[in-house]
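Engineer: Sharing final_12.csv (CSV, C-alpha atoms) below.
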chain,number,residue,atom,x,y,z
K,15,MET,CA,0.0,0.0,0.0
K,16,SER,CA,2.9,2.4,0.5
K,17,LEU,CA,3.7,2.0,-3.2
K,18,VAL,CA,0.2,3.1,-4.1
K,19,LEU,CA,0.4,6.1,-1.7
K,20,LEU,CA,3.7,7.2,-3.2
K,21,LEU,CA,2.3,7.1,-6.7
K,22,GLN,CA,-0.8,8.9,-5.5
K,23,ALA,CA,1.3,11.6,-3.9
K,24,ARG,CA,3.9,12.1,-6.5
K,25,GLY,CA,2.4,10.9,-9.8
K,26,ARG,CA,4.8,9.0,-12.1
K,27,MET,CA,7.8,7.4,-10.5
K,28,THR,CA,10.4,5.0,-11.9
K,29,ALA,CA,11.1,1.6,-10.4
K,30,ALA,CA,14.5,2.8,-9.1
K,31,GLU,CA,12.8,5.8,-7.4
K,32,LEU,CA,10.2,3.5,-5.8
K,33,ALA,CA,12.8,1.0,-4.7
K,34,ARG,CA,14.9,3.8,-3.1
K,35,GLU,CA,11.9,5.2,-1.2
K,36,LEU,CA,10.6,1.9,0.0
K,37,GLU,CA,14.1,0.5,0.7
K,38,VAL,CA,13.5,-2.7,-1.4
K,39,SER,CA,14.9,-4.0,-4.7
K,40,GLU,CA,13.6,-3.0,-8.1
K,41,ARG,CA,12.6,-6.6,-8.6
K,42,THR,CA,10.3,-6.4,-5.6
K,43,VAL,CA,8.8,-3.2,-7.0
K,44,HIS,CA,8.0,-5.0,-10.3
K,45,ARG,CA,6.5,-7.9,-8.4
K,46,ASP,CA,4.4,-5.6,-6.2
K,47,VAL,CA,3.1,-3.7,-9.2
K,48,LEU,CA,1.9,-6.9,-10.8
K,49,ALA,CA,0.2,-8.0,-7.6
K,50,LEU,CA,-1.5,-4.6,-7.3
K,51,SER,CA,-2.7,-4.8,-11.0
K,52,GLY,CA,-4.0,-8.3,-10.4
K,53,SER,CA,-6.0,-7.1,-7.4
K,54,GLY,CA,-7.7,-4.3,-9.4
K,55,VAL,CA,-5.5,-1.3,-8.6
K,56,PRO,CA,-5.0,0.6,-11.9
K,57,VAL,CA,-1.2,0.9,-11.9
K,58,TYR,CA,0.2,1.4,-15.4
K,59,ALA,CA,3.8,1.3,-16.7
K,60,ASP,CA,4.9,4.1,-19.2
K,61,ARG,CA,7.7,2.8,-21.4
K,62,GLY,CA,10.6,4.7,-22.9
K,63,ARG,CA,12.6,7.7,-21.7
K,64,GLY,CA,11.0,9.4,-18.8
K,65,GLY,CA,8.7,6.5,-18.2
K,66,GLY,CA,7.8,4.8,-15.0
K,67,TYR,CA,4.8,3.7,-13.0
K,68,ARG,CA,1.7,5.8,-12.5
K,69,LEU,CA,-1.9,5.4,-11.3
K,70,LEU,CA,-4.9,5.9,-13.6
K,71,GLU,CA,-5.6,9.6,-13.7
K,72,GLY,CA,-8.3,10.4,-11.1
K,73,TYR,CA,-7.8,7.2,-9.1
K,74,ARG,CA,-7.4,7.8,-5.4
K,75,THR,CA,-7.2,5.2,-2.7
K,76,ARG,CA,-9.3,5.7,0.4
K,77,LEU,CA,-6.7,4.1,2.6
K,78,THR,CA,-4.9,7.3,3.5
K,79,GLY,CA,-6.2,7.6,7.0
K,80,LEU,CA,-3.5,7.7,9.8
K,81,ASP,CA,-3.8,5.2,12.6
K,82,ARG,CA,-3.2,6.5,16.1
K,83,ALA,CA,0.5,5.6,16.3
K,84,GLU,CA,1.2,7.2,12.9
K,85,ALA,CA,-0.8,10.4,13.8
K,86,GLU,CA,1.1,10.8,17.0
K,87,ALA,CA,4.4,10.1,15.4
K,88,LEU,CA,3.8,12.7,12.7
K,89,PHE,CA,3.8,15.5,15.3
K,90,LEU,CA,7.4,14.4,16.3
K,91,SER,CA,8.7,13.9,12.8
K,92,GLY,CA,10.5,17.3,13.0
K,93,VAL,CA,13.0,15.8,15.3
K,94,PRO,CA,14.3,12.9,13.2
K,95,ALA,CA,17.2,11.9,15.6
K,96,ALA,CA,14.7,11.6,18.5
K,97,MET,CA,12.4,9.5,16.4
K,98,ARG,CA,15.2,7.1,15.5
K,99,GLU,CA,16.3,6.8,19.2
K,100,MET,CA,12.8,6.0,20.3
K,101,GLY,CA,12.4,3.4,17.5
K,102,LEU,CA,9.6,5.4,15.8
K,103,GLU,CA,11.2,6.3,12.5
K,104,GLY,CA,9.4,3.7,10.4
K,105,VAL,CA,6.0,4.7,11.8
K,106,ALA,CA,6.7,8.4,11.1
K,107,SER,CA,7.8,7.7,7.6
K,108,THR,CA,4.6,5.9,6.8
K,109,ALA,CA,2.6,8.7,8.4
K,110,ARG,CA,4.4,11.3,6.2
K,111,VAL,CA,3.6,9.2,3.0
K,112,LYS,CA,-0.1,9.0,4.0
K,113,ALA,CA,-0.2,12.7,4.8
K,114,ALA,CA,1.4,13.6,1.4
K,115,ALA,CA,-1.0,11.3,-0.4
K,116,ALA,CA,-4.0,13.2,1.1
K,117,LEU,CA,-2.7,16.6,-0.1
K,118,SER,CA,-4.1,18.2,-3.2
K,119,PRO,CA,-1.8,18.2,-6.2
K,120,GLY,CA,-0.8,21.8,-5.8
K,121,LEU,CA,0.4,21.2,-2.2
K,122,ARG,CA,2.3,18.0,-2.7
K,123,ASP,CA,5.7,19.8,-2.6
K,124,ALA,CA,4.9,21.3,0.8
K,125,PRO,CA,6.8,18.6,2.8
K,126,ALA,CA,9.9,19.1,0.8
K,127,THR,CA,9.8,22.9,0.8
K,128,ALA,CA,9.2,23.0,4.5
K,129,ALA,CA,12.1,20.6,5.2
K,130,GLN,CA,14.4,22.9,3.2
K,131,ARG,CA,13.4,25.9,5.3
K,132,PHE,CA,13.0,24.6,8.9
K,133,HIS,CA,15.0,22.0,10.9
K,134,LEU,CA,15.1,21.4,14.6
K,135,ASP,CA,18.4,20.2,15.9
K,136,ALA,CA,17.6,19.2,19.5
K,137,PRO,CA,20.9,17.9,20.9
K,138,GLY,CA,23.4,20.3,22.3
K,139,TRP,CA,26.8,21.3,20.7
K,140,PHE,CA,29.7,18.9,21.1
K,141,ALA,CA,27.4,15.9,21.7
K,142,SER,CA,29.4,12.7,22.2
K,143,GLY,CA,27.7,10.7,19.5
K,144,ASP,CA,27.1,7.8,22.0
K,145,PRO,CA,24.2,5.4,21.1
K,146,PRO,CA,20.9,6.1,22.8
K,147,PRO,CA,20.3,4.6,26.2
K,148,ALA,CA,19.2,1.0,26.0
K,149,ALA,CA,16.1,1.7,28.1
K,150,LEU,CA,14.8,4.4,25.8
K,151,ALA,CA,13.0,2.2,23.2
K,152,PRO,CA,11.1,0.1,25.8
K,153,LEU,CA,10.2,3.2,27.8
K,154,ALA,CA,9.0,4.9,24.6
K,155,ARG,CA,6.7,1.9,23.8
K,156,ALA,CA,5.4,2.0,27.4
K,157,VAL,CA,4.7,5.7,27.2
K,158,TRP,CA,2.7,5.3,23.9
K,159,GLY,CA,0.8,2.3,25.3
K,160,ASP,CA,0.1,3.7,28.8
K,161,ARG,CA,1.6,0.5,30.3
K,162,ARG,CA,3.4,0.1,33.6
K,163,VAL,CA,7.0,-1.0,33.7
K,164,THR,CA,9.2,-2.5,36.3
K,165,ALA,CA,12.6,-0.9,36.0
K,166,ALA,CA,16.0,-0.9,37.8
K,167,TYR,CA,17.0,2.7,38.6
K,168,ARG,CA,20.2,3.3,40.6
K,169,GLU,CA,20.2,-0.3,41.8
K,170,ARG,CA,16.6,-0.2,43.0
K,171,SER,CA,13.6,-1.8,41.3
K,172,ARG,CA,10.6,0.4,40.8
K,173,THR,CA,7.2,0.0,39.3
K,174,LEU,CA,6.5,3.1,37.3
K,175,GLU,CA,3.7,4.6,35.2
K,176,PRO,CA,5.5,6.3,32.3
K,177,TYR,CA,3.8,9.5,31.4
K,178,GLY,CA,6.2,11.1,29.0
K,179,LEU,CA,9.7,11.5,27.6
K,180,VAL,CA,11.6,14.8,27.4
K,181,LEU,CA,14.8,15.4,25.3
K,182,LYS,CA,16.8,18.3,27.0
K,183,ALA,CA,20.1,19.3,25.4
K,184,GLY,CA,20.7,15.8,24.1
K,185,VAL,CA,19.8,14.0,27.4
K,186,TRP,CA,16.6,11.9,27.6
K,187,TYR,CA,14.4,12.2,30.8
K,188,LEU,CA,11.3,10.1,31.8
K,189,VAL,CA,8.4,11.7,33.6
K,190,ALA,CA,6.6,9.0,35.5
K,191,ARG,CA,4.1,8.5,38.3
K,192,LEU,CA,5.3,6.6,41.3
K,193,ARG,CA,2.9,6.1,44.2
K,194,GLU,CA,0.7,9.1,43.2
K,195,ARG,CA,3.8,11.4,42.8
K,196,PHE,CA,5.2,12.6,39.5
K,197,LEU,CA,9.0,12.3,39.3
K,198,ILE,CA,11.7,12.8,36.7
K,199,PHE,CA,14.3,10.1,35.9
K,200,ARG,CA,17.3,10.2,33.6
K,201,VAL,CA,16.9,7.5,31.0
K,202,ASP,CA,20.6,6.7,30.8
K,203,ARG,CA,20.5,5.7,34.5
K,204,PHE,CA,18.0,2.9,34.0
K,205,GLY,CA,19.0,-0.7,34.0
K,206,GLU,CA,16.7,-3.4,32.7
K,207,VAL,CA,13.2,-2.3,31.8
K,208,GLU,CA,10.5,-4.9,32.0
K,209,PRO,CA,7.1,-4.0,30.5
K,210,ARG,CA,4.1,-5.2,32.5
K,211,GLY,CA,0.8,-6.3,31.1
K,212,GLU,CA,-1.5,-3.8,32.8
K,213,VAL,CA,-2.5,-0.5,31.3
K,214,PHE,CA,-2.7,2.4,33.7
K,215,ALA,CA,-5.3,5.2,33.7
K,216,ARG,CA,-3.6,8.6,32.9
K,217,ASP,CA,-4.5,11.6,34.9
K,218,PRO,CA,-6.5,13.7,32.3
K,219,GLY,CA,-5.4,16.9,33.9
K,220,PHE,CA,-1.6,16.2,33.6
K,221,ASP,CA,0.2,18.6,31.2
K,222,LEU,CA,3.7,17.3,30.4
K,223,ALA,CA,5.0,20.6,29.0
K,224,ALA,CA,3.8,22.6,32.0
K,225,PHE,CA,5.1,20.0,34.5
K,226,TRP,CA,8.5,20.0,32.9
K,227,ALA,CA,8.7,23.8,32.8
K,228,GLY,CA,7.8,24.0,36.5
K,229,GLN,CA,10.2,21.4,37.5
K,230,ALA,CA,13.0,22.9,35.4
K,231,ALA,CA,12.4,26.3,36.9
K,232,SER,CA,12.4,24.9,40.5
K,233,PHE,CA,15.6,22.9,39.8
K,234,ALA,CA,17.3,26.0,38.5
K,235,ARG,CA,16.3,28.1,41.5
K,236,SER,CA,17.4,25.3,43.9
K,237,LEU,CA,20.9,25.6,42.6
K,238,LEU,CA,21.1,29.3,43.8
K,239,ARG,CA,22.1,28.4,47.3
K,240,GLU,CA,24.0,31.6,48.1
K,241,SER,CA,23.7,35.3,47.3
K,242,VAL,CA,26.1,38.2,46.9
K,243,THR,CA,25.7,42.0,47.1
K,244,LEU,CA,27.1,44.2,44.4
K,245,ARG,CA,27.1,47.9,43.6
K,246,LEU,CA,26.8,48.4,39.9
K,247,THR,CA,27.4,51.4,37.7
K,248,GLU,CA,24.9,52.3,35.1
K,249,ALA,CA,26.8,50.2,32.6
K,250,GLY,CA,26.8,47.4,35.1
K,251,VAL,CA,23.1,47.5,35.5
K,252,ARG,CA,22.7,47.2,31.7
K,253,MET,CA,25.1,44.2,31.8
K,254,LEU,CA,23.2,42.4,34.6
K,255,ARG,CA,20.8,40.5,32.4
K,256,HIS,CA,23.7,39.1,30.4
K,257,VAL,CA,25.8,38.1,33.5
K,258,ALA,CA,23.3,36.8,36.0
K,259,ASP,CA,21.9,33.3,36.0
K,260,PRO,CA,18.5,33.4,34.2
K,261,ALA,CA,16.9,31.9,37.3
K,262,ALA,CA,18.3,34.7,39.5
K,263,LEU,CA,17.6,37.6,37.2
K,264,ASP,CA,14.0,38.5,38.2
K,265,ASP,CA,14.8,38.6,41.9
K,266,ALA,CA,18.0,40.6,41.2
K,267,LEU,CA,16.1,43.2,39.2
K,268,ALA,CA,13.5,43.4,42.0
K,269,SER,CA,16.2,44.1,44.6
K,270,LEU,CA,18.0,46.8,42.5
K,271,GLN,CA,18.4,50.1,44.5
K,272,PRO,CA,18.8,53.6,43.1
K,273,ASP,CA,22.5,53.6,44.0
K,274,GLY,CA,23.0,50.5,42.0
K,275,THR,CA,23.1,48.0,44.9
K,276,VAL,CA,21.8,44.7,43.9
K,277,ARG,CA,21.4,41.3,45.6
K,278,LEU,CA,22.3,38.4,43.2
K,279,GLY,CA,21.5,34.7,43.8
K,280,VAL,CA,24.4,32.5,42.9
K,281,GLU,CA,25.4,28.8,43.0
K,282,SER,CA,28.5,29.3,45.0
K,283,VAL,CA,31.2,31.9,45.7
K,284,GLY,CA,33.3,30.3,43.1
K,285,VAL,CA,30.6,30.7,40.4
K,286,ALA,CA,30.0,34.2,41.6
K,287,TYR,CA,33.7,35.0,41.2
K,288,SER,CA,33.6,34.2,37.5
K,289,GLN,CA,30.4,36.1,37.0
K,290,VAL,CA,31.6,39.3,38.8
K,291,LEU,CA,34.8,39.3,36.7
K,292,ARG,CA,32.6,39.6,33.6
K,293,PHE,CA,31.5,43.0,34.9
K,294,GLY,CA,35.0,44.3,34.9
K,295,PRO,CA,35.2,47.8,36.6
K,296,GLU,CA,31.4,48.1,36.4
K,297,ALA,CA,30.7,46.2,39.6
K,298,GLU,CA,32.0,46.4,43.2
K,299,VAL,CA,31.5,43.5,45.6
K,300,LEU,CA,30.1,44.6,48.9
K,301,ASP,CA,29.4,41.2,50.4
K,302,PRO,CA,30.6,38.5,51.2
K,303,PRO,CA,34.1,39.5,52.3
K,304,GLU,CA,35.5,36.3,50.8
K,305,LEU,CA,34.3,37.2,47.3
K,306,ARG,CA,35.4,40.8,47.7
K,307,ALA,CA,39.0,39.5,48.5
K,308,LEU,CA,39.0,37.2,45.5
K,309,VAL,CA,38.0,39.9,43.1
K,310,ALA,CA,40.4,42.4,44.7
K,311,GLY,CA,43.2,39.9,44.2
K,312,ALA,CA,42.2,39.3,40.6
K,313,ALA,CA,42.1,43.1,40.0
K,314,ALA,CA,45.6,43.5,41.5
K,315,ARG,CA,47.1,40.8,39.4
K,316,MET,CA,45.5,42.3,36.3
K,317,ALA,CA,46.9,45.7,37.1
K,318,ARG,CA,50.4,44.2,37.4
K,319,LEU,CA,50.0,42.6,34.0
K,320,TYR,CA,49.4,46.0,32.5
K,321,GLU,CA,51.9,48.1,34.4
K,322,GLY,CA,54.1,50.1,32.2
K,323,ASN,CA,51.9,49.5,29.1
K,324,ALA,CA,49.9,52.7,29.6
K,325,ASP,CA,52.5,54.9,27.8
K,326,SER,CA,53.4,52.4,25.1
Please go through the file and, once you have read it, give me the structure as structure tokens.
Structural biologist:
Amino acid sequence: MSLVLLLQARGRMTAAELARELEVSERTVHRDVLALSGSGVPVYADRGRGGGYRLLEGYRTRLTGLDRAEAEALFLSGVPAAMREMGLEGVASTARVKAAAALSPGLRDAPATAAQRFHLDAPGWFASGDPPPAALAPLARAVWGDRRVTAAYRERSRTLEPYGLVLKAGVWYLVARLRERFLIFRVDRFGEVEPRGEVFARDPGFDLAAFWAGQAASFARSLLRESVTLRLTEAGVRMLRHVADPAALDDALASLQPDGTVRLGVESVGVAYSQVLRFGPEAEVLDPPELRALVAGAAARMARLYEGNADS
């Protein structure tokens, strides 16, 4: 049926083109065309230069409807690497063929033109190229099927209700319900995953994107265990949004005083040291004394590096 849908979507295609799209041999294409003709599908062969196979003009199969898996996969097909890692590339490919076959003739180049204009590259820079975690594919199947799994995580066996998968900067995370609580697990830390037979009832009010955004924001804020007090110049105030941690920016701006004093949340004094140095002379550390001493020492060393260069 994929052969019929391709001809319906693209018109005339050669045996070589069909073989390439369907990942089969040309002999298989010829055999399938004969079988289709024998079953009443009006597939015709045009001989000579520029020939190929085509459907009778006006013929359209009604078997273009997407099943549930194909429809769901179609919405993820803009992230091909993620589709491959979850084992859904074949389903998405079939869904795209069906969607293309359902388009009117004037719109059939839309998938190609869109692909040449927009591409989502989800993994972060300098990704290691390691294979996807072994647990990803079975967890993805469990997510699609709303099926419980028993999985080893950090040497403990847990029975989970897998609600969703999130790809963040090249790392896969599972959002799952465990004893009425929603938790986040790194997929690469799972051991063996054993699917269970029973289907669980999803909470209809659960919003994966909203849950992830809330948890990510809470996690980012939880890292800001300390705070420092700075006095910024006007230039320093303008630099603040480029230097501060994004999770600390709103509170920092709210604390800003007319004289440029600001309270900035930081992960640690060491992290604050590298942040404050980015301000250069546009920031003075008021507190804590440990950070003030570190920055003063850095300023003194920098001044020595440039001594005698002012007149050169």
Engineer: Would you compute the box with edges along x, y and z of the file around range 56-71 of chain K, including every atom the file lists for it and 6 Å extra on each side, and give its centre and edge lengths in Å to one decimal, as lines of an AutoDock Vina configuration file?
Structural biologist:
center_x = 3.5
center_y = 5.1
center_z = -17.1
size_x = 30.2
size_y = 21.0
size_z = 23.6
Engineer: So which residues are close to (-2.4, -0.3, -16.2), meaning at most 9 Å away in the file's coordinates with only C-alpha atoms counted, and can you show them as a PyMOL selection string?
Structural biologist: chain K and resi 51+55-59+67-70
Engineer: Please measure the separation of CA of Glu206 in chain K and CA of Leu174 in chain K, giving the value in Å to one decimal.
Structural biologist: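 The value is 12.9 Å.
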Engineer: To one decimal in Å, tell me the separation between CA of Arg193 in chain K and CA of Pro147 in chain K.
Structural biologist: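 Computing it gives 25.1 Å between the two atoms.
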Engineer: What lies within 8 Å of Ala29 in chain K using all atoms listed in the file, ignoring chain neighbours under 3 positions off, as a VMD selection string?
Structural biologist: chain K and resid 32 to 33 40 43 to 44 66 to 67
